[in-house]
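Below is one structure, written out as structure tokens; comments come after it.
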Amino acid sequence: LMRYSFIYEPVKFALKTGYKLKILLFILEDSKMLVYKHIYAHFLWENYKIYISKKILDSKTEPIPQKYIDLLKKNVEFFKVFEDMVYIIDDKTDQDEILDTCQKCYDKCGEEYHYIGIVDNYANIDEGNYKTKYEAVSTFSRKRVRRHLCKKLGFSFLAIIQNDMDSEKFAARNNTGNISAIEPTLGSFGDIKI
């Protein structure tokens with residue numbers, strides 16, 4: 001959902017309209033390679049209606065079919081433009097590093113761009129000099145993101161949190177009292193509820 005709504009669709013819009021866009025995706029959990037595998041799979045589906053599973057992309061059981069590799073190579077120019085628009089950052093986990101990276105991108109590219117900053121997963125921000133993870137995330141959200149990146153620089157900023165489905169049992173009961181659906185509660189939203 002995050003990649004579709006805040007990466008694929010904005011990039012597609014920017015390519016169609018010439019809209020100046022920079023997306024900084026700070027991945028604090030997944031590897032850069034995994035993110036690119038998802039991007040490649042989405043590209044093949046979006047442009048050629050070819051479904052390719054992560055298992056095939058990982059090439060653990062069989063090689064990736066050459067026709068998929070050829071299609072990706074054929075579109076190398078798209079991926080060059082994509083990489084100029086979307087920065088996938090996997091080595092910055094401290095809030096000061098994230099803020100500094102956003103500021104440097106803004107300083108280099110200028111105010112004519114629309115910037116989208118994404119941190120995935122917020123619970124993995126390093127505590128740094130703060131006493132608790134809560135304090136680190138609270139300070140980052142309120143002072144760094146809201147005051148500096150959003151209000152001063154005009155960034156749109158997205159914080160990804162994950163629903164901890166294993167820690168609690170969720171159930172919605174229908175009129176007969178039978179369990180019929182999964183319904184998350186505030187208590188299920190991972191480690192950092194702020």
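By convention in this document, the chains of the structure tokens carry letters A, B, ... by their order, each chain's residues are numbered from 1, and ligands are numbered from 1 in the order they are shown.
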
Can you list, as a list in words, every protein, DNA or RNA residue that comes within 9 Å of stretch 149-154 of chain A when you count only C-alpha atoms, leaving out same-chain residues fewer than 5 positions away?
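So, after excluding close chain neighbours, the residues are Leu99, Cys102, Gln103, Tyr106, Glu111, His114, Tyr115, Gly117 and Arg144 of chain A.
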
Kindly save the residues from that selection, with N, CA, C and O atoms included, as a short mmCIF file (atom, residue, chain, number, x, y, z; two decimals), in the first residue's frame.
data_model
loop_
_atom_site.label_atom_id
_atom_site.label_comp_id
_atom_site.auth_asym_id
_atom_site.auth_seq_id
_atom_site.Cartn_x
_atom_site.Cartn_y
_atom_site.Cartn_z
N LEU A 99 17.20 13.39 9.11
CA LEU A 99 16.98 14.83 8.94
C LEU A 99 18.07 15.44 8.05
O LEU A 99 17.78 16.20 7.12
N CYS A 102 17.63 14.46 4.37
CA CYS A 102 16.54 15.23 3.77
C CYS A 102 16.98 16.66 3.48
O CYS A 102 16.72 17.20 2.39
N GLN A 103 17.66 17.27 4.44
CA GLN A 103 18.12 18.66 4.27
C GLN A 103 19.12 18.76 3.11
O GLN A 103 19.03 19.68 2.29
N TYR A 106 17.32 18.55 -0.19
CA TYR A 106 16.62 19.82 -0.44
C TYR A 106 17.61 20.89 -0.88
O TYR A 106 17.36 21.62 -1.84
N GLU A 111 14.03 24.28 -4.04
CA GLU A 111 12.67 24.36 -3.52
C GLU A 111 11.60 24.12 -4.58
O GLU A 111 10.42 24.04 -4.25
N HIS A 114 8.71 18.89 -5.16
CA HIS A 114 7.85 18.39 -4.08
C HIS A 114 8.60 17.20 -3.49
O HIS A 114 8.96 16.27 -4.20
N TYR A 115 8.82 17.25 -2.19
CA TYR A 115 9.57 16.20 -1.50
C TYR A 115 8.62 15.34 -0.69
O TYR A 115 7.78 15.86 0.04
N GLY A 117 9.02 12.36 2.10
CA GLY A 117 9.90 11.57 2.96
C GLY A 117 9.11 10.43 3.56
O GLY A 117 7.97 10.62 4.00
N ARG A 144 11.56 17.44 14.49
CA ARG A 144 12.31 17.32 13.24
C ARG A 144 11.37 17.25 12.03
O ARG A 144 11.54 17.98 11.07
#

Distance query A:Met33 at most 10 Å, only C-alpha atoms, self and fewer than 6 positions along chain excluded, as an MDAnalysis selection string
chainID A and resid 39 58 88 90

Please produce a file of those selected residues containing all heavy atoms, as a PDB file, in the first residue's frame.
ATOM      1  N   ILE A  39       9.787  -3.378  -6.679  1.00  0.00           N
ATOM      2  CA  ILE A  39       9.646  -2.378  -7.743  1.00  0.00           C
ATOM      3  C   ILE A  39       9.672  -3.056  -9.113  1.00  0.00           C
ATOM      4  O   ILE A  39       8.856  -2.756  -9.983  1.00  0.00           O
ATOM      5  CB  ILE A  39      10.746  -1.302  -7.621  1.00  0.00           C
ATOM      6  CG1 ILE A  39      10.487  -0.453  -6.361  1.00  0.00           C
ATOM      7  CG2 ILE A  39      10.811  -0.430  -8.877  1.00  0.00           C
ATOM      8  CD1 ILE A  39      11.652   0.394  -5.926  1.00  0.00           C
ATOM      9  N   ASP A  58      13.808 -14.059  -6.408  1.00  0.00           N
ATOM     10  CA  ASP A  58      14.930 -14.486  -5.562  1.00  0.00           C
ATOM     11  C   ASP A  58      15.801 -15.541  -6.246  1.00  0.00           C
ATOM     12  O   ASP A  58      16.917 -15.787  -5.815  1.00  0.00           O
ATOM     13  CB  ASP A  58      14.413 -15.052  -4.231  1.00  0.00           C
ATOM     14  CG  ASP A  58      13.946 -13.966  -3.291  1.00  0.00           C
ATOM     15  OD1 ASP A  58      14.324 -12.798  -3.491  1.00  0.00           O
ATOM     16  OD2 ASP A  58      13.204 -14.293  -2.356  1.00  0.00           O
ATOM     17  N   ILE A  88      16.361   5.364  -2.412  1.00  0.00           N
ATOM     18  CA  ILE A  88      16.116   4.293  -1.445  1.00  0.00           C
ATOM     19  C   ILE A  88      17.330   4.226  -0.540  1.00  0.00           C
ATOM     20  O   ILE A  88      18.438   3.906  -0.969  1.00  0.00           O
ATOM     21  CB  ILE A  88      15.856   2.955  -2.166  1.00  0.00           C
ATOM     22  CG1 ILE A  88      14.625   3.104  -3.073  1.00  0.00           C
ATOM     23  CG2 ILE A  88      15.651   1.836  -1.143  1.00  0.00           C
ATOM     24  CD1 ILE A  88      14.381   1.934  -3.984  1.00  0.00           C
ATOM     25  N   ASP A  90      19.104   2.863   2.878  1.00  0.00           N
ATOM     26  CA  ASP A  90      19.047   1.784   3.870  1.00  0.00           C
ATOM     27  C   ASP A  90      20.149   1.869   4.919  1.00  0.00           C
ATOM     28  O   ASP A  90      20.298   0.967   5.728  1.00  0.00           O
ATOM     29  CB  ASP A  90      19.065   0.414   3.185  1.00  0.00           C
ATOM     30  CG  ASP A  90      20.373   0.127   2.463  1.00  0.00           C
ATOM     31  OD1 ASP A  90      21.223   1.035   2.345  1.00  0.00           O
ATOM     32  OD2 ASP A  90      20.549  -1.017   2.009  1.00  0.00           O
TER      33      ASP A  90
END

Mind checking DSSP for stretch 38-164 of chain A and telling me the strand (DSSP E) residues as a count of residues only?
16

How far is it from atom CA of A:Ile23 to atom CA of A:Glu127, in Å with one decimal?
24.2 Å

Pick the closest to A:Ile161 from A:Val145, A:Leu25, A:Ile118, A:Leu15: which is it, counting only C-alpha atoms?
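Closest to A:Ile161 of all the choices is A:Ile118.
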
With only C-alpha atoms as the counted atoms, please give the residues lying no more than 9 Å from A:Ala41, apart from itself and same-chain residues fewer than 3 positions off, as an NGL selection string.
:A and (36-38 or 44-46 or 50-54 or 57)

Given only C-alpha atoms as the counted atoms, nearest of A:Phe43, A:Tyr48, A:Tyr68, A:Phe26 to A:Asn121:
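Result for the nearest residue to A:Asn121: A:Phe26.
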
Test item: residues at most 10 Å from A:Cys105, only C-alpha atoms, excluding those fewer than 3 positions along its chain, as a PyMOL selection string
chain A and resi 22-24+87+100-102+108-110+115

Expressed in Å to a single decimal, how great is the separation between atom CA of A:Lys60 and atom CA of A:Leu72?
19.4 Å

I need the residue nearest A:Phe6 from this list: A:Ala136, A:Ile116, A:Leu71, A:Ala123. Use only C-alpha atoms for the distance.
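Among the listed residues, A:Ile116 lies closest to A:Phe6.
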
Return as an NGL selection string the full set of residues in stretch 16-103 of chain A whose backbone-based DSSP assignment is helix (DSSP H, G or I).
:A and (16-17 or 32-48 or 54-58 or 66-74 or 76-85 or 95-103)

Taking into account only C-alpha atoms, which residue in the set A:Asp70, A:Asp120, A:Glu62, A:Glu9 is nearest to A:Ile89?
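Ranking A:Asp70, A:Asp120, A:Glu62, A:Glu9 by distance to A:Ile89, first place goes to A:Asp120.
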
Smallest atom-to-atom distance to A:Gly128: which of A:Leu34, A:Asp94, A:Phe78, A:Tyr8, using only C-alpha atoms?
A:Asp94

Counting only C-alpha atoms, which of A:Lys32, A:Ile160, A:Asp107, A:Val81 gets nearest to A:Leu1?
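Using only C-alpha atoms, A:Leu1 sits closest to A:Ile160.
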
Who sits within 12 Å of A:Ser141, only C-alpha atoms, same chain under 2 positions skipped, as a ChimeraX atom specification
/A:95-96,98-99,119,122,125,134-139,143-150,157-159,192,194

Would you write out those residues with N, CA and C atoms, as an mmCIF file, in the first residue's frame?
data_model
loop_
_atom_site.group_PDB
_atom_site.id
_atom_site.type_symbol
_atom_site.label_atom_id
_atom_site.label_comp_id
_atom_site.auth_asym_id
_atom_site.auth_seq_id
_atom_site.Cartn_x
_atom_site.Cartn_y
_atom_site.Cartn_z
ATOM 1 N N GLN A 95 17.679 9.524 13.787
ATOM 2 C CA GLN A 95 16.858 10.654 13.369
ATOM 3 C C GLN A 95 17.681 11.826 12.855
ATOM 4 N N ASP A 96 18.880 12.045 13.408
ATOM 5 C CA ASP A 96 19.732 13.128 12.906
ATOM 6 C C ASP A 96 20.214 12.833 11.487
ATOM 7 N N ILE A 98 18.637 10.967 9.270
ATOM 8 C CA ILE A 98 17.472 11.093 8.384
ATOM 9 C C ILE A 98 17.209 12.570 8.083
ATOM 10 N N LEU A 99 17.198 13.394 9.112
ATOM 11 C CA LEU A 99 16.980 14.831 8.936
ATOM 12 C C LEU A 99 18.072 15.439 8.052
ATOM 13 N N VAL A 119 9.550 7.010 6.223
ATOM 14 C CA VAL A 119 10.341 6.170 7.128
ATOM 15 C C VAL A 119 9.569 4.874 7.349
ATOM 16 N N TYR A 122 8.884 2.999 11.544
ATOM 17 C CA TYR A 122 9.169 3.996 12.570
ATOM 18 C C TYR A 122 9.719 3.395 13.864
ATOM 19 N N ILE A 125 13.664 3.336 14.351
ATOM 20 C CA ILE A 125 14.541 4.503 14.471
ATOM 21 C C ILE A 125 15.440 4.295 15.680
ATOM 22 N N TYR A 134 10.484 5.738 22.701
ATOM 23 C CA TYR A 134 9.349 6.650 22.673
ATOM 24 C C TYR A 134 9.825 8.102 22.580
ATOM 25 N N GLU A 135 10.802 8.458 23.404
ATOM 26 C CA GLU A 135 11.326 9.824 23.408
ATOM 27 C C GLU A 135 11.987 10.158 22.062
ATOM 28 N N ALA A 136 12.722 9.202 21.509
ATOM 29 C CA ALA A 136 13.382 9.421 20.216
ATOM 30 C C ALA A 136 12.358 9.656 19.110
ATOM 31 N N VAL A 137 11.344 8.816 19.049
ATOM 32 C CA VAL A 137 10.332 8.938 18.005
ATOM 33 C C VAL A 137 9.495 10.197 18.212
ATOM 34 N N SER A 138 9.154 10.493 19.447
ATOM 35 C CA SER A 138 8.372 11.687 19.753
ATOM 36 C C SER A 138 9.123 12.950 19.328
ATOM 37 N N THR A 139 10.386 13.028 19.680
ATOM 38 C CA THR A 139 11.203 14.195 19.315
ATOM 39 C C THR A 139 11.340 14.291 17.807
ATOM 40 N N LYS A 143 9.551 17.623 16.517
ATOM 41 C CA LYS A 143 10.513 18.700 16.273
ATOM 42 C C LYS A 143 11.147 18.616 14.893
ATOM 43 N N ARG A 144 11.557 17.442 14.491
ATOM 44 C CA ARG A 144 12.307 17.321 13.238
ATOM 45 C C ARG A 144 11.372 17.254 12.033
ATOM 46 N N VAL A 145 10.395 16.371 12.085
ATOM 47 C CA VAL A 145 9.516 16.193 10.928
ATOM 48 C C VAL A 145 8.532 17.353 10.823
ATOM 49 N N ARG A 146 7.725 17.564 11.871
ATOM 50 C CA ARG A 146 6.674 18.571 11.787
ATOM 51 C C ARG A 146 7.246 19.983 11.635
ATOM 52 N N ARG A 147 8.141 20.362 12.544
ATOM 53 C CA ARG A 147 8.630 21.751 12.541
ATOM 54 C C ARG A 147 9.588 22.055 11.399
ATOM 55 N N HIS A 148 10.515 21.144 11.152
ATOM 56 C CA HIS A 148 11.547 21.460 10.161
ATOM 57 C C HIS A 148 11.189 20.971 8.751
ATOM 58 N N LEU A 149 10.990 19.659 8.599
ATOM 59 C CA LEU A 149 10.780 19.125 7.253
ATOM 60 C C LEU A 149 9.447 19.573 6.649
ATOM 61 N N CYS A 150 8.377 19.483 7.421
ATOM 62 C CA CYS A 150 7.056 19.830 6.862
ATOM 63 C C CYS A 150 6.820 21.337 6.808
ATOM 64 N N PHE A 157 5.416 14.002 4.611
ATOM 65 C CA PHE A 157 6.172 12.981 5.340
ATOM 66 C C PHE A 157 5.247 11.866 5.787
ATOM 67 N N LEU A 158 5.705 10.655 5.593
ATOM 68 C CA LEU A 158 4.918 9.469 5.909
ATOM 69 C C LEU A 158 5.703 8.590 6.870
ATOM 70 N N ALA A 159 5.074 8.268 7.992
ATOM 71 C CA ALA A 159 5.674 7.355 8.973
ATOM 72 C C ALA A 159 4.936 6.033 8.910
ATOM 73 N N ILE A 192 5.625 1.564 18.869
ATOM 74 C CA ILE A 192 5.656 3.009 19.033
ATOM 75 C C ILE A 192 4.278 3.578 18.713
ATOM 76 N N ILE A 194 2.941 6.356 19.601
ATOM 77 C CA ILE A 194 2.823 7.812 19.396
ATOM 78 C C ILE A 194 2.629 8.120 17.927
#

For A:Lys20, find every residue with an atom within 7 Å (counting only C-alpha atoms), except residues of its own chain fewer than 4 positions away, and show them as a PyMOL selection string.
chain A and resi 14+112-114
